[in-house]
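Structure file target_36.pdb (PDB, C-alpha atoms and all ligand atoms) follows.
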ATOM      1  CA  MET A   1       0.000   0.000   0.000
ATOM      2  CA  ASN A   2       1.438   3.397  -0.937
ATOM      3  CA  ARG A   3       1.015   6.508   1.091
ATOM      4  CA  SER A   4      -2.084   7.806  -0.674
ATOM      5  CA  ASN A   5      -3.711   4.395  -0.504
ATOM      6  CA  LEU A   6      -3.035   4.377   3.235
ATOM      7  CA  LYS A   7      -4.622   7.779   3.580
ATOM      8  CA  ALA A   8      -7.621   6.649   1.582
ATOM      9  CA  ALA A   9      -7.950   3.533   3.725
ATOM     10  CA  ALA A  10      -7.749   5.585   6.925
ATOM     11  CA  PHE A  11     -10.339   7.952   5.613
ATOM     12  CA  ALA A  12     -12.619   5.103   4.655
ATOM     13  CA  ALA A  13     -12.222   3.563   8.078
ATOM     14  CA  ALA A  14     -13.009   6.839   9.784
ATOM     15  CA  ALA A  15     -16.002   7.408   7.549
ATOM     16  CA  ALA A  16     -17.179   3.885   8.260
ATOM     17  CA  ALA A  17     -16.747   4.480  11.973
ATOM     18  CA  LEU A  18     -18.779   7.660  11.901
ATOM     19  CA  PRO A  19     -22.171   6.078  11.381
ATOM     20  CA  CYS A  20     -21.272   3.670  14.170
ATOM     21  CA  LEU A  21     -20.484   6.489  16.541
ATOM     22  CA  TRP A  22     -23.622   8.208  15.489
ATOM     23  CA  GLN A  23     -25.593   5.073  16.085
ATOM     24  CA  ALA A  24     -23.892   4.239  19.363
ATOM     25  CA  GLY A  25     -24.220   7.735  20.699
ATOM     26  CA  ALA A  26     -26.939   9.992  19.482
ATOM     27  CA  THR A  27     -29.511   7.690  17.981
ATOM     28  CA  PRO A  28     -29.977   5.140  20.740
ATOM     29  CA  ALA A  29     -29.963   7.862  23.384
ATOM     30  CA  LEU A  30     -32.703   9.685  21.550
ATOM     31  CA  ALA A  31     -34.527   6.480  20.784
ATOM     32  CA  GLN A  32     -34.314   5.318  24.407
ATOM     33  CA  GLU A  33     -35.337   8.547  26.038
ATOM     34  CA  PRO A  34     -39.085   7.936  26.160
ATOM     35  CA  ALA A  35     -38.501   4.420  27.526
ATOM     36  CA  ALA A  36     -35.770   5.417  30.007
ATOM     37  CA  LYS A  37     -37.939   7.897  31.868
ATOM     38  CA  PRO A  38     -40.692   5.450  32.858
ATOM     39  CA  ALA A  39     -37.960   2.958  33.808
ATOM     40  CA  ALA A  40     -36.313   5.505  36.125
ATOM     41  CA  GLN A  41     -39.697   6.401  37.602
ATOM     42  CA  ALA A  42     -40.511   2.711  38.115
ATOM     43  CA  ALA A  43     -37.193   2.216  39.930
ATOM     44  CA  LYS A  44     -37.952   5.200  42.157
ATOM     45  CA  VAL A  45     -41.423   3.873  42.993
ATOM     46  CA  GLU A  46     -39.964   0.451  43.746
ATOM     47  CA  ARG A  47     -37.380   1.946  46.086
ATOM     48  CA  GLY A  48     -40.157   3.915  47.788
ATOM     49  CA  ARG A  49     -42.180   0.731  48.208
ATOM     50  CA  TYR A  50     -39.129  -0.894  49.805
ATOM     51  CA  ILE A  51     -38.547   2.003  52.223
ATOM     52  CA  VAL A  52     -42.239   2.098  53.204
ATOM     53  CA  SER A  53     -42.322  -1.664  53.733
ATOM     54  CA  THR A  54     -39.257  -1.582  55.995
ATOM     55  CA  SER A  55     -40.013   1.627  57.909
ATOM     56  CA  GLY A  56     -43.236   0.697  59.662
ATOM     57  CA  CYS A  57     -45.638   2.993  57.783
ATOM     58  CA  HIS A  58     -48.227   0.205  57.512
ATOM     59  CA  ASP A  59     -47.987  -0.444  61.256
ATOM     60  CA  CYS A  60     -49.680   2.856  61.963
ATOM     61  CA  HIS A  61     -51.214   4.115  58.714
ATOM     62  CA  THR A  62     -52.966   0.875  57.663
ATOM     63  CA  PRO A  63     -55.811  -0.104  60.028
ATOM     64  CA  TRP A  64     -55.268  -3.445  61.728
ATOM     65  CA  ILE A  65     -57.801  -6.246  61.694
ATOM     66  CA  VAL A  66     -57.748  -9.663  63.263
ATOM     67  CA  GLY A  67     -57.038 -12.024  60.380
ATOM     68  CA  PRO A  68     -56.566 -15.789  60.303
ATOM     69  CA  LYS A  69     -52.989 -15.358  61.572
ATOM     70  CA  GLY A  70     -53.898 -12.831  64.255
ATOM     71  CA  PRO A  71     -53.803  -9.037  64.145
ATOM     72  CA  GLU A  72     -52.341  -7.608  60.948
ATOM     73  CA  PRO A  73     -52.637  -4.492  58.780
ATOM     74  CA  ASP A  74     -55.694  -4.691  56.506
ATOM     75  CA  MET A  75     -54.017  -4.280  53.124
ATOM     76  CA  THR A  76     -57.356  -3.661  51.386
ATOM     77  CA  ARG A  77     -57.195  -0.308  53.188
ATOM     78  CA  ALA A  78     -53.443   0.143  52.771
ATOM     79  CA  LEU A  79     -52.113   3.420  54.149
ATOM     80  CA  SER A  80     -55.572   5.022  54.287
ATOM     81  CA  GLY A  81     -55.122   6.109  57.925
ATOM     82  CA  HIS A  82     -57.505   6.040  60.851
ATOM     83  CA  PRO A  83     -60.925   4.882  59.547
ATOM     84  CA  GLU A  84     -63.393   7.758  59.577
ATOM     85  CA  SER A  85     -66.279   5.367  60.315
ATOM     86  CA  MET A  86     -64.743   4.187  63.570
ATOM     87  CA  THR A  87     -66.341   5.577  66.718
ATOM     88  CA  LEU A  88     -64.144   5.535  69.791
ATOM     89  CA  PRO A  89     -65.012   5.865  73.465
ATOM     90  CA  PRO A  90     -62.747   8.047  75.621
ATOM     91  CA  PRO A  91     -59.329   6.441  76.203
ATOM     92  CA  PRO A  92     -58.619   4.841  79.582
ATOM     93  CA  LYS A  93     -57.101   7.143  82.146
ATOM     94  CA  ALA A  94     -53.299   7.100  82.032
ATOM     95  CA  ASP A  95     -52.011   5.309  85.094
ATOM     96  CA  GLY A  96     -48.444   5.432  86.378
ATOM     97  CA  PRO A  97     -45.930   4.503  83.753
ATOM     98  CA  TRP A  98     -48.717   3.441  81.346
ATOM     99  CA  VAL A  99     -49.057   6.740  79.538
ATOM    100  CA  VAL A 100     -49.868   5.797  75.954
ATOM    101  CA  THR A 101     -52.901   3.899  74.646
ATOM    102  CA  ALA A 102     -53.472   2.658  71.114
ATOM    103  CA  ALA A 103     -56.778   1.651  69.527
ATOM    104  CA  ALA A 104     -57.060  -1.891  68.166
ATOM    105  CA  THR A 105     -56.578  -0.556  64.632
ATOM    106  CA  ASN A 106     -53.218   0.955  65.685
ATOM    107  CA  THR A 107     -54.425   4.151  63.988
ATOM    108  CA  ALA A 108     -55.553   6.206  67.016
ATOM    109  CA  TRP A 109     -53.271   7.037  69.911
ATOM    110  CA  ALA A 110     -53.888   8.714  73.255
ATOM    111  CA  GLY A 111     -51.000  10.142  75.271
ATOM    112  CA  PRO A 112     -49.826  13.308  76.993
ATOM    113  CA  TRP A 113     -50.182  15.141  73.623
ATOM    114  CA  GLY A 114     -53.908  14.362  73.396
ATOM    115  CA  ILE A 115     -55.331  11.992  70.796
ATOM    116  CA  SER A 116     -53.770  11.633  67.353
ATOM    117  CA  PHE A 117     -55.076   9.802  64.321
ATOM    118  CA  THR A 118     -52.820   8.495  61.586
ATOM    119  CA  ALA A 119     -53.087  10.360  58.286
ATOM    120  CA  ASN A 120     -54.403   9.055  54.985
ATOM    121  CA  LEU A 121     -51.231   8.661  52.876
ATOM    122  CA  THR A 122     -53.002   7.535  49.686
ATOM    123  CA  PRO A 123     -53.254   9.951  46.741
ATOM    124  CA  ASP A 124     -56.923  10.816  47.305
ATOM    125  CA  PRO A 125     -56.994  14.569  46.551
ATOM    126  CA  GLU A 126     -59.516  15.519  49.245
ATOM    127  CA  THR A 127     -58.653  13.231  52.153
ATOM    128  CA  GLY A 128     -55.135  11.982  51.366
ATOM    129  CA  LEU A 129     -51.873  13.316  49.942
ATOM    130  CA  GLY A 130     -53.191  13.785  46.383
ATOM    131  CA  LYS A 131     -52.567  17.527  46.416
ATOM    132  CA  TRP A 132     -49.234  17.346  48.224
ATOM    133  CA  THR A 133     -46.046  18.096  46.316
ATOM    134  CA  GLU A 134     -42.841  16.212  46.977
ATOM    135  CA  ARG A 135     -41.660  19.391  48.708
ATOM    136  CA  ASN A 136     -44.709  19.470  51.042
ATOM    137  CA  PHE A 137     -43.948  15.878  51.991
ATOM    138  CA  ARG A 138     -40.217  16.434  52.575
ATOM    139  CA  GLU A 139     -40.661  19.674  54.515
ATOM    140  CA  THR A 140     -43.374  18.192  56.761
ATOM    141  CA  ILE A 141     -41.140  15.338  57.872
ATOM    142  CA  ARG A 142     -37.860  17.282  57.947
ATOM    143  CA  SER A 143     -39.311  20.103  60.060
ATOM    144  CA  GLY A 144     -41.828  18.026  62.047
ATOM    145  CA  ARG A 145     -44.497  20.606  61.131
ATOM    146  CA  HIS A 146     -47.442  20.237  58.779
ATOM    147  CA  MET A 147     -46.239  21.469  55.352
ATOM    148  CA  GLY A 148     -43.017  22.637  57.002
ATOM    149  CA  ARG A 149     -44.716  25.553  58.777
ATOM    150  CA  GLY A 150     -48.074  24.475  60.308
ATOM    151  CA  ARG A 151     -48.825  22.732  63.566
ATOM    152  CA  PRO A 152     -46.318  20.218  64.982
ATOM    153  CA  VAL A 153     -46.735  16.644  63.754
ATOM    154  CA  LEU A 154     -47.844  14.729  66.846
ATOM    155  CA  PRO A 155     -46.547  11.456  68.293
ATOM    156  CA  PRO A 156     -46.187   8.685  67.655
ATOM    157  CA  MET A 157     -45.350   9.715  64.047
ATOM    158  CA  PRO A 158     -41.567   9.115  64.054
ATOM    159  CA  VAL A 159     -40.483  12.317  62.274
ATOM    160  CA  GLN A 160     -37.283  12.262  64.304
ATOM    161  CA  VAL A 161     -36.348   9.031  62.513
ATOM    162  CA  TYR A 162     -37.533   9.755  58.977
ATOM    163  CA  ARG A 163     -36.050  13.238  58.903
ATOM    164  CA  ASN A 164     -32.696  11.496  58.405
ATOM    165  CA  TRP A 165     -33.744  10.343  54.922
ATOM    166  CA  THR A 166     -31.779  11.696  51.971
ATOM    167  CA  ASP A 167     -33.515  13.837  49.350
ATOM    168  CA  ALA A 168     -33.533  10.753  47.102
ATOM    169  CA  ASP A 169     -35.299   8.735  49.822
ATOM    170  CA  PHE A 170     -37.969  11.436  50.161
ATOM    171  CA  GLU A 171     -38.459  11.464  46.386
ATOM    172  CA  ALA A 172     -38.783   7.677  46.310
ATOM    173  CA  VAL A 173     -41.261   7.424  49.205
ATOM    174  CA  TYR A 174     -43.315  10.286  47.780
ATOM    175  CA  ALA A 175     -43.347   8.676  44.306
ATOM    176  CA  TYR A 176     -44.489   5.373  45.806
ATOM    177  CA  LEU A 177     -47.234   6.947  47.934
ATOM    178  CA  GLN A 178     -48.558   8.779  44.868
ATOM    179  CA  SER A 179     -48.622   5.482  42.922
ATOM    180  CA  ILE A 180     -50.823   3.444  45.288
ATOM    181  CA  PRO A 181     -54.640   3.221  44.981
ATOM    182  CA  ALA A 182     -56.395   6.330  46.281
ATOM    183  CA  ILE A 183     -58.758   5.597  49.164
ATOM    184  CA  ARG A 184     -61.268   8.187  50.280
ATOM    185  CA  ASN A 185     -61.127   8.339  54.082
ATOM    186  CA  ARG A 186     -61.320  11.585  56.018
ATOM    187  CA  VAL A 187     -59.207  11.252  59.145
ATOM    188  CA  PRO A 188     -60.376  13.309  62.132
ATOM    189  CA  GLU A 189     -58.360  16.216  63.502
ATOM    190  CA  PRO A 190     -56.345  15.459  66.636
ATOM    191  CA  LEU A 191     -57.866  16.234  70.021
ATOM    192  CA  PRO A 192     -56.051  18.283  72.667
ATOM    193  CA  PRO A 193     -55.049  16.644  75.969
ATOM    194  CA  ALA A 194     -57.825  18.409  77.860
ATOM    195  CA  ALA A 195     -60.618  17.104  75.627
ATOM    196  CA  PRO A 196     -63.096  15.569  78.055
ATOM    197  CA  VAL A 197     -64.728  13.181  75.593
ATOM    198  CA  ALA A 198     -62.721  11.491  72.926
ATOM    199  CA  ALA A 199     -62.889  10.950  69.360
ATOM    200  CA  SER A 200     -66.125   9.887  68.052
ATOM    201  CA  ARG A 201     -65.235  12.121  65.097
TER     202      ARG A 201
HETATM  203  C1  LIG B   1     -45.809   4.749  65.247
HETATM  204  C2  LIG B   1     -46.851   5.161  64.346
HETATM  205  C3  LIG B   1     -46.485   5.786  63.016
HETATM  206  C4  LIG B   1     -45.605   5.307  62.075
HETATM  207  C5  LIG B   1     -44.697   4.106  62.164
HETATM  208  C6  LIG B   1     -45.708   6.190  60.944
HETATM  209  N1  LIG B   1     -46.598   7.187  61.197
HETATM  210 FE1  LIG B   1     -47.035   8.764  59.978
HETATM  211  N2  LIG B   1     -48.298   9.501  61.381
HETATM  212  C7  LIG B   1     -48.621   8.910  62.584
HETATM  213  C8  LIG B   1     -49.600   9.717  63.288
HETATM  214  C9  LIG B   1     -50.219   9.428  64.629
HETATM  215  C10 LIG B   1     -49.862  10.825  62.462
HETATM  216  C11 LIG B   1     -50.810  12.011  62.753
HETATM  217  C12 LIG B   1     -49.988  13.066  63.461
HETATM  218  C13 LIG B   1     -50.738  14.361  63.667
HETATM  219  O1  LIG B   1     -51.956  14.423  63.518
HETATM  220  O2  LIG B   1     -50.054  15.359  63.976
HETATM  221  C14 LIG B   1     -49.026  10.671  61.271
HETATM  222  C15 LIG B   1     -48.978  11.577  60.236
HETATM  223  C16 LIG B   1     -48.248  11.417  59.074
HETATM  224  C17 LIG B   1     -48.236  12.367  57.976
HETATM  225  C18 LIG B   1     -49.045  13.658  57.898
HETATM  226  C19 LIG B   1     -48.393  14.784  58.597
HETATM  227  C20 LIG B   1     -49.174  16.064  58.417
HETATM  228  O3  LIG B   1     -48.692  17.085  58.927
HETATM  229  O4  LIG B   1     -50.239  16.103  57.786
HETATM  230  C21 LIG B   1     -47.425  11.834  57.002
HETATM  231  C22 LIG B   1     -47.103  12.446  55.659
HETATM  232  C23 LIG B   1     -46.931  10.570  57.500
HETATM  233  N3  LIG B   1     -47.439  10.350  58.780
HETATM  234  C24 LIG B   1     -46.107   9.723  56.792
HETATM  235  C25 LIG B   1     -45.613   8.520  57.293
HETATM  236  C26 LIG B   1     -44.733   7.645  56.538
HETATM  237  C27 LIG B   1     -44.325   7.869  55.103
HETATM  238  C28 LIG B   1     -44.407   6.613  57.376
HETATM  239  C29 LIG B   1     -43.475   5.470  57.123
HETATM  240  C30 LIG B   1     -42.144   5.805  56.587
HETATM  241  C31 LIG B   1     -45.094   6.842  58.645
HETATM  242  N4  LIG B   1     -45.813   7.996  58.549
HETATM  243  C32 LIG B   1     -45.010   6.020  59.758
HETATM  244  C33 LIG B   1     -48.084   7.734  63.069
HETATM  245  C34 LIG B   1     -47.116   6.962  62.436
END
Write-out of the structure in structure tokens:
Amino acid sequence: MNRSNLKAAAFAAAAAALPCLWQAGATPALAQEPAAKPAAQAAKVERGRYIVSTSGCHDCHTPWIVGPKGPEPDMTRALSGHPESMTLPPPPKADGPWVVTAAATNTAWAGPWGISFTANLTPDPETGLGKWTERNFRETIRSGRHMGRGRPVLPPMPVQVYRNWTDADFEAVYAYLQSIPAIRNRVPEPLPPAAPVAASR
């Protein structure tokens, strides 16, 4: 091969490589973009599901029933909070070191802070988190105040634990909670410690 043949061969090789580069780089990236986004979202939702399932959210936000294996969260009402249809008598009087009482559903709690009812975390727009942004969710838990500026989030909601989540964790949990079936269930407002008669809602 003489010099000009070499040059021609190099040029041909480069020209042949160009479409490859173009294919390897630009085209697949463009072609994959619509598919990659749902995949990333699905991974986020899956991570959120994992965090929720290992962080006890169902323990308090899904009403418990007595099933064939004993008491367990009723997953047909997953994360829908304290059932609005449930009428409760006043809690027993706190006695000595026994200061906290929980209803059988594990969704209503009486203690020195009064009576609190676990929130509806499903995406129902009126009674759940349907209108919450990811920021509302993150700021509520990070600050321990409703929406980051309202009233304090009452016990036993473990904000002091979940506030240690990373931004990515908050995004994942929020994405998961927005992906679950919406359940309409209006949870009552908490009652102050002095309330003489408890939550019949
Ligand atoms: C030990 C019980 C308990 C556990 C576990 C728990 N929560 Fe709660 N959560 C509560 C109670 C009680 C309330 C209502 C507090 C109030 O009215 O101030 C609440 C309220 C909330 C609120 C609403 C706060 C507001 O200001 O409106 C969000 C959001 C929330 N919880 C998310 C979660 C998530 C997500 C998990 C799991 C990672 C979780 N909770 C686990 C008891 C719990």
- Query: So which residues get picked by the PyMOL selection byres (((not hetatm)) within 9 of (chain B and resi 1)) here, written as a ChimeraX atom specification?
  - Reply: /A:51-61,79,81-82,106-109,115-121,129,136-138,140-141,144-148,150-159,161-162,170,173-174,177,188-191
- Task: One decimal, Å: what's the distance from atom CA of A:Thr105 over to atom CA of A:Gly128, could you say?
- Result: 18.3 Å
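The spacing separating atom CA of A:Pro90 from atom CA of A:Pro192 amounts to 12.6 Å.
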- How many Å lie between atom CA of A:Gly70 and atom CA of A:Lys93, rounded to one decimal? 27.0 Å
- Considering all atoms listed in the file, return as a VMD selection string whatever protein or nucleic-acid residues lie within 6 Å of stretch 45-47 of chain A, sequence-local ones (same chain, fewer than 6 positions apart) excluded. chain A and resid 172 175 to 176
- Task: Check what the PyMOL selection byres (((chain A and resi 123) around 9) and not hetatm) selects in the file above and give those residues as number ranges by chain.
- Result: A: 120-122, 124-132, 177-184
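Using only C-alpha atoms for every distance, the candidate list A:Val187, A:Ala104, A:Pro193, A:Pro38 yields A:Ala104 as the residue closest to A:Pro73.
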- Message: Evaluated on this file, the PyMOL selection byres (((chain A and resi 101) around 9) and not hetatm) picks out some residues - which ones are they, written as an MDAnalysis selection string?
- Response: chainID A and resid 91:92 94 98:100 102:103 108:111
- Which is closest to A:Thr133 among A:Glu171, A:Arg186, A:Thr76, A:Trp113, if we use only C-alpha atoms? A:Glu171
